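Trainee: First, the structure itself, so that you have it in front of you.
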Amino acid sequence: MELSIDRLTKHYGHKIAVDRVSATLGPGVYGLLGANGAGKTTLMRMLCSILEPTSGEVRFNGKDVASMGGAYRDVLGYLPQDFGYYPTYTAAEFLFYIAALKGIPKDHAGKRVKELLEMLDLAHVANKKIKTFSGGMKQRVGIAQALLNNPQVLILDEPTSGLDPKERVRLRNLLSEYAGNKIVILSTHIVSDVEAIADVVLVMNAGKIILQGAVPELARQVAGSVWELTVPKVLAREWQERVTVANYRHEGDNVVLRIISDERPSDEAVACEPTLDDAYLYYFGAEEALR
Amino acid sequence: MELFVLEHKRLWRKTSVRICVLLCFVYCVIYGGVLQYQWFVFGSSNDTTSAFGNNFDGYSMIQTYKEQADKYGGVWTDETFQQMVKDYNDLGRPGLQSGADWQLASGYLNQLYPELADPENQTYQPLIHYVDTEKLTNFYEKRQEFLEYNMEVNRQNGLLTEDDVETLRDMDSQVEEPYKYEWVQGWSNLLSTSLASTGSSMAPYLAIVLAFTFSGEWHSNTAPLLHTTKHGWRKLARVKVLSGLAFAAELFTLVAVGQIVAQLIFLGTDGWDLPIQLIKLIAVAPWNMLQAELYELAFILLGAIGYAGLVMLMSALVKNNVLSLTFSLAFIYVPGLLGFYLPLWAQDASQFIPLVGSPTDIFRMNMFHIFGKGIWMPYMLIIIPVLIGVVCIPFAILKWSRRQKA
């Protein structure tokens with residue numbers, strides 16, 4: 001099973017949202033990382049075949065997904081960034097409705113809906129209207145609908161937004177377990193989510209994939225550029241203005257700064273093991289990453 | 001089928017839809033039916049300046065009117081006419097605005113016997129008040145002259161051709177004479193006012209419900225999700241359209257059944273086989289009241305289906321709910337607002353917009369010309385609106401099931 005992206009491009013007037021993106025994705029979890037406006041959502045919508053690319057194509061097992069039509073959508077699960085729902089529907093009713101749209105036979109849909117409601121801890125609110133749900137619960141309904149048809153290609157746009165830490169861990173485990181021999185693509189700007197479950201990370205900036213690789217591989221790329229430095233509190237601000245600070249930790253009257261810099265920022269600075277967060281900051285800088 | 005049931009259920013469970021259906025029913029059946037019969041039209045009147053001044057006694061007045069009409073023996077002859085005018089004067093001129101057939105008789109007098117009007121009449125009394133009843137003879141010959149005169153005027157104005165006149169004469173020749181006669185005003189109110197306005201009364205409610213069929217999915221942000229499901233493109237669009245059409249048919253059924261029940265309660269079935277010429281002498285269609293009612297019901301149903309198609313196309317074309325509703329309502333109201341500012345051909349064409357034309361064309365002699373051939377307008381008014389709706393449907397489906405360009 002293979003999803004290949006070939007020079008996929010999307011222009012909105014003069015603005016280039018996605019710029020000649022190419023990649024070949026086999027089974028596994030892919031984390032699409034990038035600041036807001038990097039082009040993640042546009043790319044995902046084109047992968048789902050709901051947005052027409054300006055040029056380039058997406059192929060699933062060698063076939064252009066645009067010409068596959070229903071056959072591609074049959075193997076696709078998608079959670080849009082702003083997940084829309086019918087407020088007067090209960091969670092179960094909504095899932096049954098989407099199951100019918102996905103062409104799942106009624107008897108099978110019943111079993112699958114029950115299974116997913118339990119899996120996502122929604123069974124106790126199955127018959128409550130979605131409009132009464134918290135943001136996290138609504139997001140879980142969205143994830144459940146994406147999983148209804150047991151898709152071979154699962155695309156989740158910001159799936160962890162609105163989830164509390166416990167729910168995020170549950171989702172990570174669920175996706176790791178689900179992935180197996182399927183293609184799961186999730187976009188987020190929360191690095192730790194990607195770090196925890198993605199086999200491969202694709203980093204996007206200004207419509208392009210500027211980096212891709214496994215988490216340790218990407219982290220290794222910035223080895224030797226991550227330092228810890230202990231300074232008195234009064235000097236902390238000055239250091240923050242001079243270098244990219246990834247973390248800031250109080251220790252008595254001092255603070256420990258985690259600094260991203262190609263050169264040792266001070267003789268007292270100690271080199272440390274880089275993480276994906278460090279790599280992300282290394283390439284985007286603190287301001288860009290916060291955007 | 002399962003998807004259709006789910007989509008249809010989804011449409012009906014919206015609060016806005018239920019409110020619209022309730023309001024439409026109240027307006028068309030309670031206000032436009034029950035209250036018209038019991039109060040505004042057939043209630044006895046103490047105050048002729050407002051229908052609200054009528055008494056709430058329509059049902060008993062209708063029975064009185066029927067009894068009055070029954071006295072004339074069931075056939076419309078010169079003698080019937082003379083007797084009716086005489087009775088009106090003998091009863092002390094009870095007034096022409098009531099539900100009795102005096103109004104009918106007064107209309108016939110003005111149209112068929114204008115030569116009997118007193119040119120010196122300074123008090124502007126209606127002809128029925130002073131006409132010499134002995135002179136009310138040759139009713140059917142007079143009606144024929146009246147018809148010929150109107151056809152000639154229309155022919156000279158370019159509205160009718162020689163062939164059209166022949167067609168209309170041929171239709172009129174099939175009208176049986178002498179006319180059967182029973183109380184007519186009930187049918188007149190039903191066919192000229194009550195049913196005739198039902199279609200245009202239903203239109204805004206249909207627009208409010210159906211204008212969001214497709215645009216609503218963009219508004220609630222569900223469109224991207226639906227579009228990525230196996231059946232979320234063409235099949236869902238077809239199901240949505242079917243569901244919309246079913247809703248139009250259901251709303252019509254609800255209103256029509258309500259109106260028919262009210263009609264049966266207040267008017268009964270008497271007079272179903274009277275010729276429609278009793279309502280309007282100029283009518284040439286050889287139809288009875290029941291046939292005319294069936295035509296008007298079919299006009300409303302087909303118009304509602306045509307309009308539903310048009311509204312759903314608007315909903316698919318624009319992703320904005322407000323725009324979709326505005327355009328849908330504009331189809332109904334803009335032709336009326338522009339009215340006489342439009343060229344004649346545009347005024348004629350606007351009648352074919354679903355629910356814009358009037359089913360009361362069955363009482364007129366309008367002809368529509370296509371490739372030089374004249375077709376009686378009511379046939380076109382029933383076919384073209386539904387065709388417009390049917391043509392809109394594939395475009396609506398196509399528009400929904402296309403990948404977004406932006």
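How things are named: the first chain in the structure tokens is A, the next is B, and so on; residues count from 1 in each chain; ligands count from 1 in the order shown.
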Taking 6 positions as the minimum chain separation for residues in the same chain, which residues sit within 8 Å of segment 56-61 of chain B when counting only C-alpha atoms? Answer as a list in words.

Mentor: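 Within the cut-off, the hits are Tyr37, Gln38, Trp39, Val41, Phe42, Gly43, Ser44, Gly99 and Phe266 of chain B.
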
Trainee: For segment 254-261 of chain B, please output as a ChimeraX atom specification all residues within 8 Å (counting only C-alpha atoms; exclusion window: fewer than 2 positions along the same chain).

Mentor: /B:24-25,28-29,33,250-252,263-265,297

Trainee: Those residues with C-alpha atoms, as an mmCIF file, in the first residue's frame please?

Mentor:
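Output file part.cif follows:
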data_model
loop_
_atom_site.group_PDB
_atom_site.id
_atom_site.type_symbol
_atom_site.label_atom_id
_atom_site.label_comp_id
_atom_site.auth_asym_id
_atom_site.auth_seq_id
_atom_site.Cartn_x
_atom_site.Cartn_y
_atom_site.Cartn_z
ATOM 1 C CA CYS B 24 -47.418 27.522 6.557
ATOM 2 C CA PHE B 25 -50.261 25.300 7.777
ATOM 3 C CA CYS B 28 -52.827 28.478 4.368
ATOM 4 C CA VAL B 29 -55.346 26.303 6.188
ATOM 5 C CA GLY B 33 -59.289 28.309 4.820
ATOM 6 C CA GLU B 250 -45.324 16.605 1.834
ATOM 7 C CA LEU B 251 -45.845 20.279 2.593
ATOM 8 C CA PHE B 252 -48.257 20.452 -0.333
ATOM 9 C CA GLN B 263 -63.769 22.853 2.178
ATOM 10 C CA LEU B 264 -65.710 19.647 2.863
ATOM 11 C CA ILE B 265 -66.765 20.858 6.308
ATOM 12 C CA LEU B 297 -54.010 21.469 -6.924
#

Trainee: Provide as a ChimeraX atom specification the residues of chain A at most 6 Å from chain B, counting only C-alpha atoms.

Mentor: /A:50-52,70,73-74,84-85,100-102

Trainee: Write the residues you've just listed into a file as a PDB file, in the first residue's frame, and include C-alpha atoms for each of them.

Mentor:
ATOM      1  CA  ILE A  50     -11.741  17.531  -1.800  1.00  0.00           C
ATOM      2  CA  LEU A  51      -9.508  20.350  -2.994  1.00  0.00           C
ATOM      3  CA  GLU A  52      -8.343  20.473  -6.578  1.00  0.00           C
ATOM      4  CA  GLY A  70     -15.694   6.642  -4.523  1.00  0.00           C
ATOM      5  CA  ARG A  73     -13.069   7.651  -0.462  1.00  0.00           C
ATOM      6  CA  ASP A  74     -14.015   4.103   0.534  1.00  0.00           C
ATOM      7  CA  GLY A  84     -18.543  20.285  11.703  1.00  0.00           C
ATOM      8  CA  TYR A  85     -21.390  18.258  13.157  1.00  0.00           C
ATOM      9  CA  ALA A 100     -24.569   5.328   5.905  1.00  0.00           C
ATOM     10  CA  LEU A 101     -22.641   7.930   3.895  1.00  0.00           C
ATOM     11  CA  LYS A 102     -19.622   5.665   4.013  1.00  0.00           C
TER      12      LYS A 102
END

Trainee: Identify, with DSSP run on backbone atoms, the residues in segment 15-218 of chain B assigned to strand (DSSP E or B), and express the list as an MDAnalysis selection string.

Mentor: chainID B and resid 45 54 75 180

Trainee: Got a sec to tell me which of segment 5-239 of chain B DSSP assigns to helix (DSSP H, G or I), as JSON, numbers by chain?

Mentor: {"B": [5, 6, 7, 8, 9, 10, 11, 12, 15, 16, 17, 18, 19, 20, 21, 22, 23, 24, 25, 26, 27, 28, 29, 30, 31, 32, 33, 34, 35, 36, 37, 38, 39, 40, 51, 52, 53, 58, 59, 60, 61, 62, 63, 64, 65, 66, 67, 68, 69, 70, 78, 79, 80, 81, 82, 83, 84, 85, 86, 87, 88, 89, 90, 102, 103, 104, 105, 106, 107, 108, 109, 110, 111, 112, 114, 115, 116, 127, 128, 129, 133, 134, 135, 139, 140, 141, 142, 143, 144, 145, 146, 147, 148, 149, 150, 151, 152, 153, 154, 155, 156, 162, 163, 164, 165, 166, 167, 168, 169, 170, 171, 172, 173, 185, 186, 187, 188, 189, 190, 191, 192, 193, 194, 198, 199, 200, 201, 202, 203, 204, 205, 206, 207, 208, 209, 210, 215, 216, 217, 218, 219, 223, 224, 225, 226, 227, 234, 235, 236, 237, 238, 239]}

Trainee: Print the selection's residues with C-alpha atoms to a file, as a short mmCIF file (atom, residue, chain, number, x, y, z; two decimals), in the first residue's frame.

Mentor:
data_model
loop_
_atom_site.label_atom_id
_atom_site.label_comp_id
_atom_site.auth_asym_id
_atom_site.auth_seq_id
_atom_site.Cartn_x
_atom_site.Cartn_y
_atom_site.Cartn_z
CA VAL B 5 -34.59 7.90 5.06
CA LEU B 6 -31.77 9.28 7.23
CA GLU B 7 -31.45 12.48 5.19
CA HIS B 8 -35.18 12.99 5.14
CA LYS B 9 -35.41 12.47 8.88
CA ARG B 10 -32.56 14.94 9.34
CA LEU B 11 -34.47 17.56 7.37
CA TRP B 12 -37.64 17.13 9.40
CA THR B 15 -36.62 23.13 14.55
CA SER B 16 -36.68 25.74 11.78
CA VAL B 17 -38.36 23.23 9.43
CA ARG B 18 -41.04 22.35 11.96
CA ILE B 19 -41.74 26.01 12.67
CA CYS B 20 -42.01 26.73 8.94
CA VAL B 21 -44.40 23.84 8.38
CA LEU B 22 -46.55 24.95 11.30
CA LEU B 23 -46.64 28.58 10.13
CA CYS B 24 -47.42 27.52 6.56
CA PHE B 25 -50.26 25.30 7.78
CA VAL B 26 -51.66 28.02 10.01
CA TYR B 27 -51.49 30.61 7.23
CA CYS B 28 -52.83 28.48 4.37
CA VAL B 29 -55.35 26.30 6.19
CA ILE B 30 -56.42 28.15 9.33
CA TYR B 31 -56.22 31.72 8.02
CA GLY B 32 -56.64 31.00 4.29
CA GLY B 33 -59.29 28.31 4.82
CA VAL B 34 -61.18 28.01 8.09
CA LEU B 35 -61.22 31.70 9.01
CA GLN B 36 -62.10 32.75 5.46
CA TYR B 37 -65.11 30.47 5.49
CA GLN B 38 -66.23 31.17 9.02
CA TRP B 39 -65.41 34.84 9.30
CA PHE B 40 -63.79 36.98 6.60
CA ALA B 51 -63.71 41.76 6.82
CA PHE B 52 -62.83 41.82 10.54
CA GLY B 53 -66.20 43.45 11.10
CA GLY B 58 -69.85 31.71 8.17
CA TYR B 59 -70.99 28.10 8.49
CA SER B 60 -74.65 28.93 9.11
CA MET B 61 -74.59 31.70 6.47
CA ILE B 62 -73.27 29.23 3.89
CA GLN B 63 -76.23 26.94 4.61
CA THR B 64 -78.54 29.93 4.10
CA TYR B 65 -76.88 30.86 0.79
CA LYS B 66 -77.19 27.28 -0.40
CA GLU B 67 -80.89 27.20 0.47
CA GLN B 68 -81.43 30.47 -1.38
CA ALA B 69 -79.71 29.09 -4.49
CA ASP B 70 -81.64 25.80 -4.31
CA ASP B 78 -83.19 33.52 -18.40
CA GLU B 79 -85.96 32.93 -15.91
CA THR B 80 -83.49 31.95 -13.19
CA PHE B 81 -81.57 35.13 -13.80
CA GLN B 82 -84.67 37.33 -13.83
CA GLN B 83 -85.96 35.73 -10.64
CA MET B 84 -82.63 36.17 -8.85
CA VAL B 85 -82.48 39.90 -9.68
CA LYS B 86 -86.11 40.30 -8.69
CA ASP B 87 -85.56 38.47 -5.37
CA TYR B 88 -82.61 40.69 -4.61
CA ASN B 89 -84.73 43.79 -4.94
CA ASP B 90 -87.72 42.22 -3.14
CA TRP B 102 -76.25 38.32 -5.92
CA GLN B 103 -72.70 39.40 -6.59
CA LEU B 104 -72.55 36.88 -9.40
CA ALA B 105 -75.80 38.17 -10.90
CA SER B 106 -74.58 41.75 -10.67
CA GLY B 107 -71.40 40.80 -12.53
CA TYR B 108 -73.38 39.09 -15.29
CA LEU B 109 -75.55 42.20 -15.67
CA ASN B 110 -72.56 44.51 -16.08
CA GLN B 111 -70.89 42.24 -18.59
CA LEU B 112 -73.84 41.06 -20.69
CA PRO B 114 -74.41 47.14 -20.32
CA GLU B 115 -76.99 48.71 -22.67
CA LEU B 116 -79.54 48.53 -19.83
CA LEU B 127 -77.52 48.01 -12.36
CA ILE B 128 -79.05 45.21 -10.30
CA HIS B 129 -80.90 47.84 -8.23
CA THR B 133 -85.95 42.15 -15.19
CA GLU B 134 -88.21 41.54 -18.23
CA LYS B 135 -85.34 42.65 -20.42
CA PHE B 139 -78.44 35.00 -21.59
CA TYR B 140 -76.44 32.45 -23.62
CA GLU B 141 -76.55 34.46 -26.84
CA LYS B 142 -75.41 37.52 -24.91
CA ARG B 143 -72.58 35.53 -23.33
CA GLN B 144 -71.54 34.34 -26.79
CA GLU B 145 -71.46 37.94 -28.05
CA PHE B 146 -69.43 38.94 -24.99
CA LEU B 147 -66.96 36.15 -25.67
CA GLU B 148 -66.65 37.02 -29.36
CA TYR B 149 -66.13 40.67 -28.50
CA ASN B 150 -63.31 39.84 -26.09
CA MET B 151 -61.65 37.50 -28.54
CA GLU B 152 -61.82 40.16 -31.24
CA VAL B 153 -60.27 42.79 -28.93
CA ASN B 154 -57.45 40.38 -28.09
CA ARG B 155 -57.01 39.50 -31.76
CA GLN B 156 -56.77 43.15 -32.75
CA GLU B 162 -57.14 33.53 -36.03
CA ASP B 163 -56.10 29.98 -35.19
CA ASP B 164 -56.18 30.80 -31.49
CA VAL B 165 -59.70 32.16 -31.81
CA GLU B 166 -60.74 28.94 -33.54
CA THR B 167 -59.12 26.86 -30.81
CA LEU B 168 -60.90 28.85 -28.10
CA ARG B 169 -64.24 28.64 -29.96
CA ASP B 170 -63.76 24.91 -30.26
CA MET B 171 -63.14 24.61 -26.52
CA ASP B 172 -66.14 26.77 -25.72
CA SER B 173 -68.40 24.75 -28.01
CA GLN B 185 -69.83 31.78 -4.46
CA GLY B 186 -68.24 29.03 -2.36
CA TRP B 187 -66.51 27.54 -5.40
CA SER B 188 -65.72 31.01 -6.69
CA ASN B 189 -63.91 31.91 -3.47
CA LEU B 190 -62.10 28.59 -3.41
CA LEU B 191 -60.92 28.62 -7.03
CA SER B 192 -60.32 32.35 -7.54
CA THR B 193 -58.81 33.27 -4.19
CA SER B 194 -58.16 30.57 -1.65
CA THR B 198 -51.83 28.82 -1.86
CA GLY B 199 -48.79 28.27 -4.07
CA SER B 200 -47.36 31.73 -3.54
CA SER B 201 -48.11 31.45 0.18
CA MET B 202 -46.12 28.21 0.39
CA ALA B 203 -43.15 29.64 -1.52
CA PRO B 204 -41.35 31.53 1.30
CA TYR B 205 -41.62 28.52 3.62
CA LEU B 206 -40.23 26.22 0.95
CA ALA B 207 -37.40 28.69 0.39
CA ILE B 208 -36.53 28.92 4.09
CA VAL B 209 -36.41 25.14 4.44
CA LEU B 210 -34.66 24.22 1.20
CA SER B 215 -25.19 25.81 1.55
CA GLY B 216 -26.09 24.74 5.09
CA GLU B 217 -23.41 22.06 4.95
CA TRP B 218 -20.80 24.74 4.25
CA HIS B 219 -22.27 26.93 6.95
CA ALA B 223 -19.23 19.74 3.79
CA PRO B 224 -15.52 18.79 3.92
CA LEU B 225 -16.40 15.80 6.07
CA LEU B 226 -19.31 14.65 3.90
CA HIS B 227 -17.23 15.07 0.76
CA ARG B 234 -23.14 12.38 -6.00
CA LYS B 235 -25.25 9.94 -3.99
CA LEU B 236 -25.70 12.33 -1.09
CA ALA B 237 -26.55 15.14 -3.51
CA ARG B 238 -29.18 12.93 -5.16
CA VAL B 239 -30.58 11.95 -1.78
#

Trainee: Take atom CA of Gly336 of chain B and atom CA of Glu293 of chain B and report the distance between them in Å, one decimal.

Mentor: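 Going from atom CA of Gly336 of chain B over to atom CA of Glu293 of chain B covers 24.6 Å.
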
Trainee: Atom CA of Glu195 of chain A and atom CA of Arg59 of chain A are how many Å apart?

Mentor: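 Separation of atom CA of Glu195 of chain A and atom CA of Arg59 of chain A: 27.0 Å.
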
Trainee: Which residues are close to segment 364-376 of chain B, i.e. within 7 Å by only C-alpha atoms, leaving aside same-chain residues fewer than 4 positions away? Reply as a compact mmCIF listing (two decimals) with C-alpha atoms, in the first residue's frame.

Mentor:
# COMPACT_ATOMS: atom_id res chain seq x y z
CA LEU B 160 -54.62 36.08 -30.29
CA ASP B 164 -56.18 30.80 -31.49
CA ILE B 282 -65.26 34.60 -20.30
CA ALA B 283 -63.92 31.13 -19.39
CA VAL B 284 -63.86 28.79 -22.38

Trainee: In Å, with one decimal, what is the gap from atom CA of Ile305 of chain B to atom CA of Lys240 of chain B?

Mentor: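 A separation of 13.7 Å between them.
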
Trainee: So, counting only C-alpha atoms, which residue among A:Asn127, A:Thr230, A:Gln145, A:Ser261 is closest to Thr244 of chain A?

Mentor: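 Nearest to Thr244 of chain A: A:Ser261.
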
Trainee: Counting only C-alpha atoms, which residue out of B:Val75, B:Met314, B:Met289, B:Leu294 sits closest to Pro178 of chain B?

Mentor: B:Val75
